[in-house]
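This report refers to the structure that appears directly beneath it.
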Amino acid sequence: MPLLNVFLPPLNPPQIEWAGKTVWIVGASSGIGQATAAALHAQGARVVVSARNAQSLATFVDVHPGSQALALDVTQGAAVQAAAAQLLAQGPLDCVVYCAGHYTAMRADALDVTDMVRHCEVNYIGALYLLDAVLPALLARGTGHISLVGSVAGYRGLPNSLAYGPTKAALINLAETLYLDLHGKGLGVSIINPGFVQTPLTAGNDFAMPALLTPEQAARAILQGWALGAFEIHFPKRFTLWLKALRILPNRLFFQLVRRIAP
């Protein structure tokens with residue numbers, strides 16, 4: 001446990017007991033989202049999994065009795081509203097996790113604006129649709145938690161991240177602003193910033209991915225972060241702390257260092 005956590009109160013109410021709580025994970029057909037759903041199910045939570053891949057969701061429900069599948073395209077605002085209304089009609093939501101993601105490695109000499117827009121739609125606009133759909137009910141209840149899955153790629157500009165990084169930077173900023181607005185209203189907000197995780201999104205990378213984690217390892221880190229009441233949950237620390245250090249470097253040093261590491 002970080003030393004500061006011994007002396008300072010958590011930024012969010014610690015989420016330790018999951019039994020009987022309802023968690024909606026949007027972006028749970030594979031990778032981090034699916035592994036986190038499985039970990040929560042094992043802790044006794046009622047898990048609702050959403051994604052476009054209905055077959056993958058159905059398979060998850062078959063293996064995890066009591067969970068619920070709700071196929072959904074996050075880029076369709078009306079569909080997100082309808083899905084949220086359906087779930088809220090069944091009962092309150094205790095935690096809502098936005099884990100939907102789109103990723104293609106991209107550099108400026110091969111800029112693909114259509115794919116860049118797709119990144120924005122899936123990684124960021126979909127989160128706004130979800131917030132618009134669930135926030136009124138969460139605010140009316142005065143309790144609940146919202147968690148957005150960002151990335152360390154959102155810390156600073158990095159090679160191969162021309163399309164992906166800016167959307168994750170937007171999520172980090174969004175989570176910080178949400179926390180300021182919602183903490184005093186009884187709601188928890190967290191941002192999850194993973195390093196490299198073995199998922200379908202990273203499978204196509206043709207470069208070295210240091211400190212690569214499995215989705216199950218990522219899920220354990222996320223639950224640990226929620227249990228500590230953290231605002232930012234980042235992992236693995238042996239990798240993410242180096243990237244955090246890059247955030248405070250002067251621009252000249254930052255650019256020189258990154259060019260040497262990843263020309």
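In the structure tokens, each chain is lettered A, B, ... as it comes, each chain's residues begin at 1, and ligands are numbered from 1 in order of appearance.
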* To do: Excluding range 25-34 of chain A and any residue of its chain fewer than 5 positions from it, enumerate the residues within 10 Å of it, using only C-alpha atoms, and give them as a PyMOL selection string.
  => chain A and resi 39-40+47-60+69-74+80+95-101+122+126-127+130+147-149+194+197-202+214-219+222
* To do: Report as an NGL selection string: the residues of range 3-225 of chain A with a DSSP assignment of strand (DSSP E or B), based on the backbone of this structure.
  => :A and (22-26 or 46-50 or 68-69 or 95-98 or 106 or 145-149 or 161 or 188-194 or 197 or 213)
* To do: Please identify all polymer residues within 9 Å of Ala169 in chain A, counting only C-alpha atoms, omitting same-chain residues fewer than 2 positions from it, and present them as number ranges by chain.
  => A: 150-156, 164-167, 171-174
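Near range 246-249 of chain A, within 12 Å and counting only C-alpha atoms, sit A:Val152, A:Ala153, A:Gly154, A:Tyr155, A:Arg156, A:Gly157, A:Leu158, A:Phe239, A:Thr240, A:Leu241, A:Trp242, A:Leu253, A:Phe254, A:Phe255, A:Gln256, A:Leu257, A:Val258, not including residues fewer than 4 positions from it in the same chain.
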With C-alpha atoms retained, write the just-selected residues as a CSV table (one decimal), in the first residue's frame.
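Contents of out35.csv, as written:
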chain,number,residue,atom,x,y,z
A,152,VAL,CA,-1.2,5.3,-19.8
A,153,ALA,CA,-1.2,6.3,-23.5
A,154,GLY,CA,-3.3,9.3,-22.3
A,155,TYR,CA,-0.5,10.7,-20.1
A,156,ARG,CA,1.5,12.2,-22.9
A,157,GLY,CA,1.9,11.9,-26.7
A,158,LEU,CA,3.6,8.6,-27.6
A,239,PHE,CA,5.9,0.3,-15.8
A,240,THR,CA,3.3,3.0,-15.1
A,241,LEU,CA,5.4,4.9,-12.6
A,242,TRP,CA,8.0,5.5,-15.3
A,253,LEU,CA,13.8,16.4,-22.3
A,254,PHE,CA,10.6,14.5,-22.9
A,255,PHE,CA,10.9,14.6,-26.7
A,256,GLN,CA,14.6,13.7,-26.7
A,257,LEU,CA,14.0,10.7,-24.4
A,258,VAL,CA,11.0,9.3,-26.2
* To do: Please provide as a VMD selection string all residues within 12 Å of Leu88 in chain A, with the sequence filter that same-chain residues fewer than 3 positions apart are discarded (counting only C-alpha atoms).
  => chain A and resid 22 to 24 48 81 to 85 91 to 94 96 133 to 138 141
Restricted to N, CA and C atoms, what would the selected residues look like written as a PDB file, in the first residue's frame?
ATOM      1  N   THR A  22     -25.056  -4.612  -8.042  1.00  0.00           N
ATOM      2  CA  THR A  22     -25.208  -4.720  -9.492  1.00  0.00           C
ATOM      3  C   THR A  22     -24.162  -3.851 -10.177  1.00  0.00           C
ATOM      4  N   VAL A  23     -23.380  -4.474 -11.050  1.00  0.00           N
ATOM      5  CA  VAL A  23     -22.314  -3.785 -11.780  1.00  0.00           C
ATOM      6  C   VAL A  23     -22.571  -3.950 -13.272  1.00  0.00           C
ATOM      7  N   TRP A  24     -22.605  -2.837 -13.990  1.00  0.00           N
ATOM      8  CA  TRP A  24     -22.776  -2.865 -15.448  1.00  0.00           C
ATOM      9  C   TRP A  24     -21.437  -2.540 -16.085  1.00  0.00           C
ATOM     10  N   VAL A  48     -23.765  -7.292 -15.168  1.00  0.00           N
ATOM     11  CA  VAL A  48     -24.388  -7.113 -16.477  1.00  0.00           C
ATOM     12  C   VAL A  48     -23.277  -6.788 -17.458  1.00  0.00           C
ATOM     13  N   GLN A  81     -29.252   4.664 -24.218  1.00  0.00           N
ATOM     14  CA  GLN A  81     -30.351   5.132 -23.361  1.00  0.00           C
ATOM     15  C   GLN A  81     -31.347   4.007 -23.099  1.00  0.00           C
ATOM     16  N   ALA A  82     -31.701   3.262 -24.136  1.00  0.00           N
ATOM     17  CA  ALA A  82     -32.675   2.183 -23.984  1.00  0.00           C
ATOM     18  C   ALA A  82     -32.130   1.081 -23.084  1.00  0.00           C
ATOM     19  N   ALA A  83     -30.843   0.750 -23.230  1.00  0.00           N
ATOM     20  CA  ALA A  83     -30.239  -0.287 -22.394  1.00  0.00           C
ATOM     21  C   ALA A  83     -30.222   0.138 -20.933  1.00  0.00           C
ATOM     22  N   ALA A  84     -29.841   1.397 -20.684  1.00  0.00           N
ATOM     23  CA  ALA A  84     -29.816   1.892 -19.308  1.00  0.00           C
ATOM     24  C   ALA A  84     -31.207   1.883 -18.698  1.00  0.00           C
ATOM     25  N   ALA A  85     -32.213   2.296 -19.470  1.00  0.00           N
ATOM     26  CA  ALA A  85     -33.589   2.305 -18.965  1.00  0.00           C
ATOM     27  C   ALA A  85     -34.042   0.890 -18.616  1.00  0.00           C
ATOM     28  N   GLY A  91     -33.753  -2.405 -11.226  1.00  0.00           N
ATOM     29  CA  GLY A  91     -33.215  -2.033  -9.919  1.00  0.00           C
ATOM     30  C   GLY A  91     -32.041  -1.087 -10.076  1.00  0.00           C
ATOM     31  N   PRO A  92     -31.519  -0.563  -8.979  1.00  0.00           N
ATOM     32  CA  PRO A  92     -30.433   0.426  -9.049  1.00  0.00           C
ATOM     33  C   PRO A  92     -29.120  -0.195  -9.501  1.00  0.00           C
ATOM     34  N   LEU A  93     -28.266   0.648 -10.062  1.00  0.00           N
ATOM     35  CA  LEU A  93     -26.918   0.262 -10.455  1.00  0.00           C
ATOM     36  C   LEU A  93     -25.940   0.757  -9.404  1.00  0.00           C
ATOM     37  N   ASP A  94     -25.121  -0.141  -8.887  1.00  0.00           N
ATOM     38  CA  ASP A  94     -24.152   0.238  -7.865  1.00  0.00           C
ATOM     39  C   ASP A  94     -22.826   0.690  -8.464  1.00  0.00           C
ATOM     40  N   VAL A  96     -20.919   1.401 -12.497  1.00  0.00           N
ATOM     41  CA  VAL A  96     -20.977   1.404 -13.954  1.00  0.00           C
ATOM     42  C   VAL A  96     -19.555   1.584 -14.465  1.00  0.00           C
ATOM     43  N   ALA A 133     -26.923   8.541 -19.860  1.00  0.00           N
ATOM     44  CA  ALA A 133     -27.995   7.579 -19.604  1.00  0.00           C
ATOM     45  C   ALA A 133     -28.118   7.194 -18.137  1.00  0.00           C
ATOM     46  N   VAL A 134     -27.001   7.180 -17.395  1.00  0.00           N
ATOM     47  CA  VAL A 134     -27.053   6.657 -16.020  1.00  0.00           C
ATOM     48  C   VAL A 134     -26.949   7.732 -14.938  1.00  0.00           C
ATOM     49  N   LEU A 135     -26.367   8.883 -15.256  1.00  0.00           N
ATOM     50  CA  LEU A 135     -26.137   9.885 -14.212  1.00  0.00           C
ATOM     51  C   LEU A 135     -27.408  10.365 -13.508  1.00  0.00           C
ATOM     52  N   PRO A 136     -28.498  10.638 -14.221  1.00  0.00           N
ATOM     53  CA  PRO A 136     -29.693  11.097 -13.485  1.00  0.00           C
ATOM     54  C   PRO A 136     -30.138  10.127 -12.398  1.00  0.00           C
ATOM     55  N   ALA A 137     -30.118   8.828 -12.683  1.00  0.00           N
ATOM     56  CA  ALA A 137     -30.544   7.842 -11.686  1.00  0.00           C
ATOM     57  C   ALA A 137     -29.539   7.762 -10.537  1.00  0.00           C
ATOM     58  N   LEU A 138     -28.247   7.816 -10.845  1.00  0.00           N
ATOM     59  CA  LEU A 138     -27.232   7.760  -9.797  1.00  0.00           C
ATOM     60  C   LEU A 138     -27.313   8.989  -8.897  1.00  0.00           C
ATOM     61  N   ARG A 141     -30.316   8.826  -6.587  1.00  0.00           N
ATOM     62  CA  ARG A 141     -30.112   7.865  -5.496  1.00  0.00           C
ATOM     63  C   ARG A 141     -29.060   8.364  -4.502  1.00  0.00           C
TER      64      ARG A 141
END
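CA of Ala78 in chain A lies 8.5 Å from CA of Tyr129 in chain A.
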* Run DSSP on the backbone and grab whatever in range 29-146 of chain A lands in helix (DSSP H, G or I); send it over as a ChimeraX atom specification. => /A:31-42,54-63,77-90,108-110,113-141
